[in-house]
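Undergrad: What follows is work20.pdb, PDB, C-alpha atoms.
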```
ATOM      1  CA  MET U  36     -37.003  14.640  63.598  1.00  0.00           C
ATOM      2  CA  MET U  37     -35.131  12.780  60.856  1.00  0.00           C
ATOM      3  CA  THR U  38     -34.751   9.052  60.727  1.00  0.00           C
ATOM      4  CA  PRO U  39     -31.243   7.537  60.668  1.00  0.00           C
ATOM      5  CA  GLU U  40     -31.708   6.617  56.996  1.00  0.00           C
ATOM      6  CA  GLU U  41     -32.481  10.218  56.065  1.00  0.00           C
ATOM      7  CA  LEU U  42     -29.449  11.422  58.027  1.00  0.00           C
ATOM      8  CA  GLU U  43     -27.236   8.979  56.118  1.00  0.00           C
ATOM      9  CA  ARG U  44     -28.675  10.127  52.784  1.00  0.00           C
ATOM     10  CA  LYS U  45     -28.070  13.744  53.737  1.00  0.00           C
ATOM     11  CA  LYS U  46     -24.455  13.005  54.720  1.00  0.00           C
ATOM     12  CA  LYS U  47     -23.856  11.144  51.446  1.00  0.00           C
ATOM     13  CA  LYS U  48     -25.314  14.048  49.479  1.00  0.00           C
ATOM     14  CA  GLU U  49     -23.053  16.511  51.256  1.00  0.00           C
ATOM     15  CA  GLU U  50     -20.006  14.316  50.663  1.00  0.00           C
ATOM     16  CA  LYS U  51     -20.844  13.994  46.983  1.00  0.00           C
ATOM     17  CA  ALA U  52     -21.289  17.758  46.726  1.00  0.00           C
ATOM     18  CA  LYS U  53     -17.848  18.296  48.329  1.00  0.00           C
ATOM     19  CA  GLU U  54     -16.248  15.769  45.957  1.00  0.00           C
ATOM     20  CA  LYS U  55     -17.894  17.436  42.996  1.00  0.00           C
ATOM     21  CA  GLU U  56     -16.604  20.831  44.055  1.00  0.00           C
ATOM     22  CA  LEU U  57     -13.084  19.452  44.490  1.00  0.00           C
ATOM     23  CA  LYS U  58     -13.236  17.999  40.984  1.00  0.00           C
ATOM     24  CA  LYS U  59     -14.328  21.365  39.609  1.00  0.00           C
ATOM     25  CA  LEU U  60     -11.428  23.102  41.380  1.00  0.00           C
ATOM     26  CA  LYS U  61      -8.946  20.556  40.022  1.00  0.00           C
ATOM     27  CA  ALA U  62     -10.351  20.965  36.518  1.00  0.00           C
ATOM     28  CA  ALA U  63     -10.046  24.753  36.785  1.00  0.00           C
ATOM     29  CA  GLU U  64      -6.418  24.415  37.936  1.00  0.00           C
ATOM     30  CA  LYS U  65      -5.638  22.089  35.026  1.00  0.00           C
ATOM     31  CA  ALA U  66      -7.221  24.525  32.587  1.00  0.00           C
ATOM     32  CA  ALA U  67      -5.151  27.385  34.005  1.00  0.00           C
ATOM     33  CA  LYS U  68      -1.934  25.329  33.711  1.00  0.00           C
ATOM     34  CA  PHE U  69      -2.842  24.346  30.149  1.00  0.00           C
ATOM     35  CA  LYS U  70      -3.379  27.993  29.186  1.00  0.00           C
ATOM     36  CA  GLN U  71      -0.007  28.927  30.664  1.00  0.00           C
ATOM     37  CA  GLN U  72       1.702  26.132  28.751  1.00  0.00           C
ATOM     38  CA  GLN U  73       0.074  27.246  25.501  1.00  0.00           C
ATOM     39  CA  GLN U  74       1.189  30.826  26.074  1.00  0.00           C
ATOM     40  CA  GLN U  75       4.738  29.644  26.742  1.00  0.00           C
ATOM     41  CA  GLN U  76       4.684  27.498  23.623  1.00  0.00           C
ATOM     42  CA  GLN U  77       3.463  30.423  21.553  1.00  0.00           C
ATOM     43  CA  SER U  78       6.245  32.635  22.860  1.00  0.00           C
ATOM     44  CA  ASP U  79       8.738  29.822  22.295  1.00  0.00           C
ATOM     45  CA  SER U  80       7.437  29.207  18.786  1.00  0.00           C
ATOM     46  CA  SER U  81       7.831  32.864  17.870  1.00  0.00           C
ATOM     47  CA  SER U  82      11.489  32.703  18.856  1.00  0.00           C
ATOM     48  CA  ALA U  83      11.793  29.333  17.132  1.00  0.00           C
ATOM     49  CA  SER U  84      10.421  30.799  13.896  1.00  0.00           C
ATOM     50  CA  LYS U  85      13.293  33.291  13.915  1.00  0.00           C
ATOM     51  CA  LYS U  86      15.736  30.413  14.289  1.00  0.00           C
ATOM     52  CA  LYS U  87      13.913  28.551  11.523  1.00  0.00           C
ATOM     53  CA  LYS U  88      14.545  31.385   9.078  1.00  0.00           C
ATOM     54  CA  ASN U  89      18.265  31.076   9.727  1.00  0.00           C
ATOM     55  CA  SER U  90      18.221  27.304   9.379  1.00  0.00           C
ATOM     56  CA  SER U  91      16.379  27.488   6.054  1.00  0.00           C
ATOM     57  CA  ARG U  92      19.679  28.476   4.492  1.00  0.00           C
ATOM     58  CA  ARG U  93      21.144  25.195   5.653  1.00  0.00           C
ATOM     59  CA  ASP U  94      18.145  23.273   4.315  1.00  0.00           C
ATOM     60  CA  SER U  95      18.777  24.553   0.801  1.00  0.00           C
ATOM     61  CA  SER U  96      22.125  22.762   0.829  1.00  0.00           C
ATOM     62  CA  ALA U  97      20.296  19.503   1.556  1.00  0.00           C
ATOM     63  CA  ALA U  98      18.453  19.870  -1.742  1.00  0.00           C
ATOM     64  CA  ASP U  99      21.811  19.962  -3.531  1.00  0.00           C
ATOM     65  CA  ASP U 100      22.568  16.369  -2.508  1.00  0.00           C
ATOM     66  CA  ASN U 101      22.851  13.870  -5.303  1.00  0.00           C
ATOM     67  CA  PRO U 102      19.823  11.528  -5.182  1.00  0.00           C
ATOM     68  CA  LEU U 103      21.904   8.758  -6.764  1.00  0.00           C
ATOM     69  CA  ASP U 104      23.957   8.577  -3.567  1.00  0.00           C
ATOM     70  CA  TYR U 105      20.946   7.202  -1.755  1.00  0.00           C
ATOM     71  CA  GLU U 106      19.781   4.609  -4.258  1.00  0.00           C
ATOM     72  CA  ASP U 107      19.787   1.036  -3.070  1.00  0.00           C
ATOM     73  CA  PRO U 108      21.944  -1.479  -4.923  1.00  0.00           C
ATOM     74  CA  PRO U 109      20.020  -3.938  -7.096  1.00  0.00           C
ATOM     75  CA  THR U 110      18.730  -6.954  -5.204  1.00  0.00           C
ATOM     76  CA  PRO U 111      19.140 -10.408  -6.767  1.00  0.00           C
ATOM     77  CA  PHE U 112      15.965 -12.459  -7.092  1.00  0.00           C
ATOM     78  CA  GLY U 113      15.174 -14.423  -3.940  1.00  0.00           C
ATOM     79  CA  GLN U 114      17.463 -12.403  -1.692  1.00  0.00           C
ATOM     80  CA  LYS U 115      16.609  -9.856   0.987  1.00  0.00           C
ATOM     81  CA  LYS U 116      17.049  -6.186   0.232  1.00  0.00           C
ATOM     82  CA  LEU U 117      20.026  -4.462   1.872  1.00  0.00           C
ATOM     83  CA  LEU U 118      18.759  -1.633   4.058  1.00  0.00           C
ATOM     84  CA  SER U 119      22.061  -0.550   5.556  1.00  0.00           C
ATOM     85  CA  SER U 120      22.594   2.292   3.081  1.00  0.00           C
ATOM     86  CA  GLN U 121      22.244   5.902   4.182  1.00  0.00           C
ATOM     87  CA  MET U 122      18.777   7.437   3.946  1.00  0.00           C
ATOM     88  CA  ALA U 123      18.151  10.625   1.995  1.00  0.00           C
ATOM     89  CA  LYS U 124      17.569  13.844   3.924  1.00  0.00           C
ATOM     90  CA  GLN U 125      14.502  14.696   1.840  1.00  0.00           C
ATOM     91  CA  TYR U 126      11.694  12.749   0.221  1.00  0.00           C
ATOM     92  CA  ASN U 127      12.353  12.205  -3.454  1.00  0.00           C
ATOM     93  CA  PRO U 128       9.456  10.506  -5.254  1.00  0.00           C
ATOM     94  CA  THR U 129      11.454   9.464  -8.304  1.00  0.00           C
ATOM     95  CA  ALA U 130      14.034   7.673  -6.157  1.00  0.00           C
ATOM     96  CA  VAL U 131      11.267   5.926  -4.246  1.00  0.00           C
ATOM     97  CA  GLU U 132       9.527   4.753  -7.425  1.00  0.00           C
ATOM     98  CA  LYS U 133      12.762   3.258  -8.756  1.00  0.00           C
ATOM     99  CA  SER U 134      13.332   1.040  -5.721  1.00  0.00           C
TER
END
```
Show how you would write the structure in this file as structure tokens.

TA:
Amino acid sequence: MMTPEELERKKKKEEKAKEKELKKLKAAEKAAKFKQQQQQQQSDSSSASKKKKNSSRRDSSAADDNPLDYEDPPTPFGQKKLLSSQMAKQYNPTAVEKS
């Protein structure tokens, strides 16, 4: 016959085993959902790449912008720089070095 302490230990072990199994099931469900999301993203990205090819034509017009349009006006000594001007659509290192 088992003592009450041993019975309690056995119950605790069984409870822990059940909890562990539940955690494993939840983890497996999460992994399955994650795989589904990745597959959907891959299928979405393949259709998005087709759209990207079409939009690349529009991006070439952005390169035609005049970089001088986006230069900041000169700032007098001791005054704060005016940042309200429009930002360029692309990074232009020469314009950045001038400011």

Undergrad: In Å, how far is it from CA of Glu56 in chain U to CA of Gln71 in chain U?

TA: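 So the answer is 22.8 Å.
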
Undergrad: Could you tell me how far CA of Lys61 in chain U sits from CA of Lys47 in chain U, in Å to one decimal place?

TA: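 Separating CA of Lys47 in chain U from CA of Lys61 in chain U is a distance of 21.0 Å.
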
Undergrad: As an exercise, work out the distance from CA of Val131 in chain U to CA of Thr110 in chain U in Å and give it to one decimal place.

TA: 14.9 Å

Undergrad: Box for range 65-72 of chain U - axis-aligned, 3 Å on each of the six sides, all listed atoms - centre and size in Å to one decimal, as lines of an AutoDock Vina configuration file.

TA:
```
center_x = -2.8
center_y = 25.5
center_z = 31.9
size_x = 14.9
size_y = 12.8
size_z = 12.3
```
